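Asks: Here you go, one structure.
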Amino acid sequence: MDRMGLLEGAAGLEAVLRRHPQVERVICGHLHRTIVRRFADTVVMTVPSTAHQIALDLRADAPPAWLMEPPGFAVHALRDGALVSHVAAAGEHGPDRLFG
């Protein structure tokens with residue numbers, strides 16, 4: 001995705017975030033893949049698409065591609081002053097199975 005210029009403006013965003021240490025997390029969608037990174041003293045994450053996903057290929061010369069991985073979503077909960085994020089695949093995956 002970096003070939004598309006998604007790093008443009010990163011220094012400006014970092015400067016803004018460093019001025020606001022109360023920012024717990026920066027979250028965005030529509031990247032079609034879950035990615036989590038530490039950035040400017042906070043956590044930045046993208047969440048999966050509710051459709052297809054971008055192929056996970058970390059080679060520098062990897063061609064852009066997509067695949068039919070399950071759609072997904074994220075749920076964010078503020079618990080006792082701490083933000084907890086859960087990323088889950090959408091759809092039916094059979095019944096819950098109890099441990100043991």
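Residues are named by chain letter and number: chains run A, B, ... in the order of the structure tokens, numbers start at 1 in each chain, and ligands are numbered from 1 in the order shown.
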Select from range 49-94 of chain A every residue with an atom at most 12 Å from any atom of range 21-24 of chain A, then for each give the shortest pair of atoms and their distance in Å to one decimal, using only C-alpha atoms, rows by chain and rising number, as a Markdown table.
Replies:
```
| residue | atom | partner | partner_atom | distance |
| --- | --- | --- | --- | --- |
| A:His76 | CA | A:Glu24 | CA | 11.5 |
| A:Ala77 | CA | A:Glu24 | CA | 12.0 |
| A:Leu78 | CA | A:Glu24 | CA | 10.4 |
| A:Gly81 | CA | A:Glu24 | CA | 10.1 |
| A:Ala82 | CA | A:Glu24 | CA | 8.4 |
| A:Leu83 | CA | A:Glu24 | CA | 7.2 |
| A:Val84 | CA | A:Glu24 | CA | 10.1 |
| A:Ser85 | CA | A:Glu24 | CA | 11.3 |
```
Asks: What does the file look like for those residues with N, CA and C atoms, as a PDB file, in the first residue's frame?
Replies:
```
ATOM      1  N   HIS A  76     -14.312  -1.886  19.768  1.00  0.00           N
ATOM      2  CA  HIS A  76     -13.451  -1.179  20.704  1.00  0.00           C
ATOM      3  C   HIS A  76     -14.258  -0.903  21.973  1.00  0.00           C
ATOM      4  N   ALA A  77     -13.689  -1.249  23.109  1.00  0.00           N
ATOM      5  CA  ALA A  77     -14.389  -1.059  24.383  1.00  0.00           C
ATOM      6  C   ALA A  77     -13.482  -0.318  25.358  1.00  0.00           C
ATOM      7  N   LEU A  78     -14.041   0.679  26.012  1.00  0.00           N
ATOM      8  CA  LEU A  78     -13.319   1.398  27.054  1.00  0.00           C
ATOM      9  C   LEU A  78     -13.652   0.734  28.381  1.00  0.00           C
ATOM     10  N   GLY A  81     -10.999   2.792  32.000  1.00  0.00           N
ATOM     11  CA  GLY A  81     -10.089   3.807  31.490  1.00  0.00           C
ATOM     12  C   GLY A  81      -9.100   3.306  30.455  1.00  0.00           C
ATOM     13  N   ALA A  82      -9.172   2.031  30.078  1.00  0.00           N
ATOM     14  CA  ALA A  82      -8.251   1.477  29.084  1.00  0.00           C
ATOM     15  C   ALA A  82      -9.037   1.042  27.850  1.00  0.00           C
ATOM     16  N   LEU A  83      -8.513   1.358  26.688  1.00  0.00           N
ATOM     17  CA  LEU A  83      -9.157   0.976  25.443  1.00  0.00           C
ATOM     18  C   LEU A  83      -8.689  -0.418  25.040  1.00  0.00           C
ATOM     19  N   VAL A  84      -9.640  -1.308  24.807  1.00  0.00           N
ATOM     20  CA  VAL A  84      -9.349  -2.674  24.369  1.00  0.00           C
ATOM     21  C   VAL A  84     -10.007  -2.860  23.010  1.00  0.00           C
ATOM     22  N   SER A  85      -9.231  -3.356  22.035  1.00  0.00           N
ATOM     23  CA  SER A  85      -9.750  -3.561  20.685  1.00  0.00           C
ATOM     24  C   SER A  85      -9.747  -5.044  20.351  1.00  0.00           C
TER      25      SER A  85
END
```
Asks: Could you pull the residues within 12 Å of range 45-47 of chain A, counting only C-alpha atoms, minus those fewer than 3 positions along the same chain, as a short mmCIF file (atom, residue, chain, number, x, y, z; two decimals) with C-alpha atoms, in the first residue's frame?
Replies:
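Output file part-v9.cif follows:
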```
data_model
loop_
_atom_site.label_atom_id
_atom_site.label_comp_id
_atom_site.auth_asym_id
_atom_site.auth_seq_id
_atom_site.Cartn_x
_atom_site.Cartn_y
_atom_site.Cartn_z
CA GLU A 24 -5.18 6.47 23.04
CA ARG A 25 -5.41 5.07 19.53
CA VAL A 26 -5.77 6.08 15.89
CA ILE A 27 -8.07 3.70 14.01
CA CYS A 28 -9.06 3.64 10.38
CA GLY A 29 -10.75 1.27 8.04
CA HIS A 30 -10.91 0.65 4.34
CA LEU A 31 -7.41 -0.74 4.05
CA HIS A 32 -8.75 -4.29 3.76
CA ARG A 33 -6.23 -5.74 6.23
CA THR A 34 -5.60 -5.54 9.97
CA ILE A 35 -2.33 -3.76 10.70
CA VAL A 36 -1.15 -2.53 14.12
CA ARG A 37 1.83 -0.24 14.65
CA ARG A 38 3.30 1.92 17.40
CA PHE A 39 3.45 5.49 16.06
CA THR A 42 0.28 5.82 20.52
CA THR A 50 -16.39 -6.23 5.35
CA ALA A 51 -15.63 -7.52 1.83
CA GLN A 53 -8.90 -8.35 1.96
CA ILE A 54 -5.57 -7.19 0.56
CA PRO A 71 -14.77 -10.17 6.03
CA GLY A 72 -14.00 -8.69 9.40
CA PHE A 73 -14.67 -5.90 11.83
CA ALA A 74 -13.29 -4.38 15.02
CA VAL A 75 -15.00 -3.71 18.33
CA HIS A 76 -13.45 -1.18 20.70
CA SER A 85 -9.75 -3.56 20.68
CA HIS A 86 -10.98 -6.88 19.31
CA VAL A 87 -10.73 -7.82 15.62
CA ALA A 88 -12.99 -10.63 14.47
CA ALA A 89 -13.90 -12.45 11.27
#
```
Asks: Identify all residues of chain A in strand (DSSP E) (DSSP on the backbone) and supply them as a PDB file with C-alpha atoms, in the first residue's frame.
Replies:
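Result saved to out19.pdb:
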```pdb
ATOM      1  CA  ARG A  25      -5.405   5.066  19.528  1.00  0.00           C
ATOM      2  CA  VAL A  26      -5.766   6.082  15.886  1.00  0.00           C
ATOM      3  CA  ILE A  27      -8.065   3.703  14.013  1.00  0.00           C
ATOM      4  CA  CYS A  28      -9.055   3.638  10.383  1.00  0.00           C
ATOM      5  CA  ILE A  35      -2.334  -3.758  10.699  1.00  0.00           C
ATOM      6  CA  VAL A  36      -1.147  -2.532  14.119  1.00  0.00           C
ATOM      7  CA  ARG A  37       1.834  -0.245  14.648  1.00  0.00           C
ATOM      8  CA  ARG A  38       3.298   1.922  17.400  1.00  0.00           C
ATOM      9  CA  PHE A  39       3.452   5.493  16.062  1.00  0.00           C
ATOM     10  CA  THR A  42       0.284   5.818  20.521  1.00  0.00           C
ATOM     11  CA  VAL A  43      -1.107   2.818  18.663  1.00  0.00           C
ATOM     12  CA  VAL A  44      -2.275   3.075  15.069  1.00  0.00           C
ATOM     13  CA  MET A  45      -4.375   0.315  13.568  1.00  0.00           C
ATOM     14  CA  THR A  46      -6.297  -0.440  10.444  1.00  0.00           C
ATOM     15  CA  GLN A  53      -8.901  -8.348   1.962  1.00  0.00           C
ATOM     16  CA  ILE A  54      -5.569  -7.191   0.556  1.00  0.00           C
ATOM     17  CA  TRP A  66      -6.656  -9.109  -3.115  1.00  0.00           C
ATOM     18  CA  LEU A  67      -8.190 -12.371  -1.947  1.00  0.00           C
ATOM     19  CA  GLY A  72     -13.997  -8.694   9.400  1.00  0.00           C
ATOM     20  CA  PHE A  73     -14.670  -5.905  11.832  1.00  0.00           C
ATOM     21  CA  ALA A  74     -13.291  -4.382  15.016  1.00  0.00           C
ATOM     22  CA  VAL A  75     -14.998  -3.714  18.331  1.00  0.00           C
ATOM     23  CA  HIS A  76     -13.451  -1.179  20.704  1.00  0.00           C
ATOM     24  CA  ALA A  77     -14.389  -1.059  24.383  1.00  0.00           C
ATOM     25  CA  LEU A  78     -13.319   1.398  27.054  1.00  0.00           C
ATOM     26  CA  ARG A  79     -12.870  -0.637  30.234  1.00  0.00           C
ATOM     27  CA  ALA A  82      -8.251   1.477  29.084  1.00  0.00           C
ATOM     28  CA  LEU A  83      -9.157   0.976  25.443  1.00  0.00           C
ATOM     29  CA  VAL A  84      -9.349  -2.674  24.369  1.00  0.00           C
ATOM     30  CA  SER A  85      -9.750  -3.561  20.685  1.00  0.00           C
ATOM     31  CA  HIS A  86     -10.977  -6.884  19.310  1.00  0.00           C
ATOM     32  CA  VAL A  87     -10.727  -7.815  15.618  1.00  0.00           C
ATOM     33  CA  ALA A  88     -12.992 -10.634  14.467  1.00  0.00           C
ATOM     34  CA  ALA A  89     -13.901 -12.447  11.271  1.00  0.00           C
TER      35      ALA A  89
END
```
Asks: I'd like the interatomic distance between CA of His52 in chain A and CA of Pro70 in chain A, to a tenth of an Å.
Replies: 7.0 Å
Asks: Could you pull out the alpha helix (DSSP H) residues of chain A from DSSP and send them as a ChimeraX atom specification?
Replies: /A:10-18
Asks: Would you compute the distance between CA of Pro48 in chain A and CA of Glu69 in chain A? Give it in Å to one decimal.
Replies: 9.7 Å
Asks: Suppose you want the space between CA of Ala40 in chain A and CA of Asp61 in chain A; what is it in Å?
Replies: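 CA of Asp61 in chain A lies 27.5 Å from CA of Ala40 in chain A.
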Asks: Out of A:Ser49, A:Asp41, A:Gly94, A:Leu58, which residue has the shortest atom-to-atom distance to Leu13 in chain A when counting only C-alpha atoms?
Replies: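 The closest residue to Leu13 in chain A is A:Asp41.
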